[in-house]
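Report on the structure given below.
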Amino acid sequence: MAVSSNLQDLVGLAVDRLDLATREAVVGKVVAHRIYTPQNLALQRIAAIGDTVQECAGQLEAAGEDPLEFEFSRLNPPFLAR
């Protein structure tokens with residue numbers, strides 16, 4: 001996958017399946033994943049992506065989702081330099 005100019009193209013993809021160039025391009029962005037429970041068996045797919053948790057929550061609300069059902073994390077570089 002080439003680096004996307006539109007972050008919304010990444011919604012629905014798993015972070016660990018992004019190619020290296022895309023992953024490096026989104027370092028520092030915040031992503032939302034649905035909280036896994038045995039009842040919903042949620043896959044770890046990107047549900048929202050943005051610069052802040054508030055931006056992600058707004059995207060989720062606009063899609064009719066409850067942001068309280070999601071966890072938010074900042075994307076780190078794919079490899080740590082030593």
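Going through the structure tokens in order, the chains are called A, B, and so on, while each chain numbers its residues from 1 and the ligands are numbered from 1 in the order shown.
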
Near range 29-37 of chain A, counting only C-alpha atoms, which residues have an atom at most 6 Å away, once you skip same-chain residues fewer than 5 positions from it, shown as a PDB file with N, CA and C atoms, in the first residue's frame?
ATOM      1  N   ALA A  42     -14.024  -8.201  19.054  1.00  0.00           N
ATOM      2  CA  ALA A  42     -13.592  -7.117  18.169  1.00  0.00           C
ATOM      3  C   ALA A  42     -12.217  -7.374  17.566  1.00  0.00           C
ATOM      4  N   GLN A  44      -8.803  -5.933  15.856  1.00  0.00           N
ATOM      5  CA  GLN A  44      -8.040  -4.719  16.105  1.00  0.00           C
ATOM      6  C   GLN A  44      -7.830  -3.949  14.805  1.00  0.00           C
ATOM      7  N   ILE A  46      -8.369  -0.255  12.659  1.00  0.00           N
ATOM      8  CA  ILE A  46      -8.442   1.181  12.896  1.00  0.00           C
ATOM      9  C   ILE A  46      -9.887   1.619  12.661  1.00  0.00           C
ATOM     10  N   ALA A  47     -10.496   2.200  13.689  1.00  0.00           N
ATOM     11  CA  ALA A  47     -11.863   2.696  13.575  1.00  0.00           C
ATOM     12  C   ALA A  47     -11.872   4.204  13.312  1.00  0.00           C
ATOM     13  N   ALA A  48     -10.812   4.888  13.748  1.00  0.00           N
ATOM     14  CA  ALA A  48     -10.669   6.326  13.519  1.00  0.00           C
ATOM     15  C   ALA A  48      -9.184   6.652  13.657  1.00  0.00           C
ATOM     16  N   ILE A  49      -8.739   7.694  12.954  1.00  0.00           N
ATOM     17  CA  ILE A  49      -7.339   8.116  13.029  1.00  0.00           C
ATOM     18  C   ILE A  49      -7.281   9.631  12.914  1.00  0.00           C
ATOM     19  N   GLY A  50      -6.443  10.241  13.743  1.00  0.00           N
ATOM     20  CA  GLY A  50      -6.313  11.696  13.718  1.00  0.00           C
ATOM     21  C   GLY A  50      -5.159  12.148  14.585  1.00  0.00           C
ATOM     22  N   ASP A  51      -5.076  13.444  14.793  1.00  0.00           N
ATOM     23  CA  ASP A  51      -3.984  14.013  15.581  1.00  0.00           C
ATOM     24  C   ASP A  51      -4.247  13.982  17.082  1.00  0.00           C
ATOM     25  N   THR A  52      -5.530  13.905  17.475  1.00  0.00           N
ATOM     26  CA  THR A  52      -5.885  13.922  18.895  1.00  0.00           C
ATOM     27  C   THR A  52      -6.977  12.895  19.183  1.00  0.00           C
ATOM     28  N   GLU A  69     -16.745   3.020  23.757  1.00  0.00           N
ATOM     29  CA  GLU A  69     -16.537   1.615  23.423  1.00  0.00           C
ATOM     30  C   GLU A  69     -15.205   1.388  22.707  1.00  0.00           C
ATOM     31  N   PHE A  70     -14.350   2.425  22.685  1.00  0.00           N
ATOM     32  CA  PHE A  70     -13.091   2.354  21.962  1.00  0.00           C
ATOM     33  C   PHE A  70     -11.925   2.722  22.871  1.00  0.00           C
ATOM     34  N   GLU A  71     -10.749   2.176  22.522  1.00  0.00           N
ATOM     35  CA  GLU A  71      -9.523   2.587  23.196  1.00  0.00           C
ATOM     36  C   GLU A  71      -8.696   3.383  22.189  1.00  0.00           C
ATOM     37  N   PHE A  72      -7.924   4.319  22.690  1.00  0.00           N
ATOM     38  CA  PHE A  72      -7.156   5.218  21.845  1.00  0.00           C
ATOM     39  C   PHE A  72      -5.668   5.056  22.163  1.00  0.00           C
ATOM     40  N   SER A  73      -4.852   5.044  21.122  1.00  0.00           N
ATOM     41  CA  SER A  73      -3.415   4.946  21.343  1.00  0.00           C
ATOM     42  C   SER A  73      -2.676   5.746  20.281  1.00  0.00           C
ATOM     43  N   ARG A  74      -1.513   6.225  20.664  1.00  0.00           N
ATOM     44  CA  ARG A  74      -0.661   6.973  19.741  1.00  0.00           C
ATOM     45  C   ARG A  74       0.257   5.968  19.047  1.00  0.00           C
ATOM     46  N   LEU A  75       0.415   6.129  17.745  1.00  0.00           N
ATOM     47  CA  LEU A  75       1.256   5.208  16.986  1.00  0.00           C
ATOM     48  C   LEU A  75       2.725   5.559  17.152  1.00  0.00           C
TER      49      LEU A  75
END

As an NGL selection string, please: every residue in range 12-54 of chain A that DSSP puts in helix (DSSP H, G or I). :A and (15-17 or 20-25 or 53-54)

Exercise for review: To one decimal in Å, tell me the separation between CA of Arg23 in chain A and CA of Glu61 in chain A.
Suggested key: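 CA of Arg23 in chain A sits 25.2 Å away from CA of Glu61 in chain A.
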
Counting only C-alpha atoms, closest pick from A:Val15, A:Leu7, A:Ala62, A:Val26 relative to Leu43 in chain A is A:Val15

Original post:
How far is it from CA of Leu13 in chain A to CA of Pro67 in chain A, in Å with one decimal?
Top reply: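 The value is 18.3 Å.
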
Output as a PDB file with N, CA and C atoms, in the first residue's frame all residues of chain A that backbone DSSP marks as strand (DSSP E or B).
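out.pdb, written as the output of this step:
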ATOM      1  N   VAL A  30      -3.052   9.417  16.431  1.00  0.00           N
ATOM      2  CA  VAL A  30      -3.851   8.670  17.403  1.00  0.00           C
ATOM      3  C   VAL A  30      -4.825   7.800  16.626  1.00  0.00           C
ATOM      4  N   VAL A  31      -4.936   6.538  17.044  1.00  0.00           N
ATOM      5  CA  VAL A  31      -5.906   5.638  16.426  1.00  0.00           C
ATOM      6  C   VAL A  31      -6.876   5.127  17.480  1.00  0.00           C
ATOM      7  N   ALA A  32      -8.072   4.799  17.035  1.00  0.00           N
ATOM      8  CA  ALA A  32      -9.095   4.221  17.910  1.00  0.00           C
ATOM      9  C   ALA A  32      -9.350   2.792  17.462  1.00  0.00           C
ATOM     10  N   HIS A  33      -9.377   1.890  18.448  1.00  0.00           N
ATOM     11  CA  HIS A  33      -9.736   0.487  18.216  1.00  0.00           C
ATOM     12  C   HIS A  33     -10.896   0.160  19.135  1.00  0.00           C
ATOM     13  N   ARG A  34     -11.846  -0.617  18.637  1.00  0.00           N
ATOM     14  CA  ARG A  34     -12.952  -1.051  19.498  1.00  0.00           C
ATOM     15  C   ARG A  34     -12.384  -1.914  20.623  1.00  0.00           C
ATOM     16  N   ALA A  48     -10.812   4.888  13.748  1.00  0.00           N
ATOM     17  CA  ALA A  48     -10.669   6.326  13.519  1.00  0.00           C
ATOM     18  C   ALA A  48      -9.184   6.652  13.657  1.00  0.00           C
ATOM     19  N   ILE A  49      -8.739   7.694  12.954  1.00  0.00           N
ATOM     20  CA  ILE A  49      -7.339   8.116  13.029  1.00  0.00           C
ATOM     21  C   ILE A  49      -7.281   9.631  12.914  1.00  0.00           C
ATOM     22  N   GLY A  50      -6.443  10.241  13.743  1.00  0.00           N
ATOM     23  CA  GLY A  50      -6.313  11.696  13.718  1.00  0.00           C
ATOM     24  C   GLY A  50      -5.159  12.148  14.585  1.00  0.00           C
ATOM     25  N   PHE A  70     -14.350   2.425  22.685  1.00  0.00           N
ATOM     26  CA  PHE A  70     -13.091   2.354  21.962  1.00  0.00           C
ATOM     27  C   PHE A  70     -11.925   2.722  22.871  1.00  0.00           C
ATOM     28  N   GLU A  71     -10.749   2.176  22.522  1.00  0.00           N
ATOM     29  CA  GLU A  71      -9.523   2.587  23.196  1.00  0.00           C
ATOM     30  C   GLU A  71      -8.696   3.383  22.189  1.00  0.00           C
ATOM     31  N   PHE A  72      -7.924   4.319  22.690  1.00  0.00           N
ATOM     32  CA  PHE A  72      -7.156   5.218  21.845  1.00  0.00           C
ATOM     33  C   PHE A  72      -5.668   5.056  22.163  1.00  0.00           C
ATOM     34  N   SER A  73      -4.852   5.044  21.122  1.00  0.00           N
ATOM     35  CA  SER A  73      -3.415   4.946  21.343  1.00  0.00           C
ATOM     36  C   SER A  73      -2.676   5.746  20.281  1.00  0.00           C
ATOM     37  N   ARG A  74      -1.513   6.225  20.664  1.00  0.00           N
ATOM     38  CA  ARG A  74      -0.661   6.973  19.741  1.00  0.00           C
ATOM     39  C   ARG A  74       0.257   5.968  19.047  1.00  0.00           C
TER      40      ARG A  74
END

One decimal place gives the CA of Ala63 in chain A-CA of Arg45 in chain A separation as 15.1 Å

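Of the residues under consideration (A:Leu68, A:Pro78, A:Gln39, A:Val53), A:Pro78 shows the shortest atom-to-atom contact distance to Leu18 in chain A when counting only C-alpha atoms.
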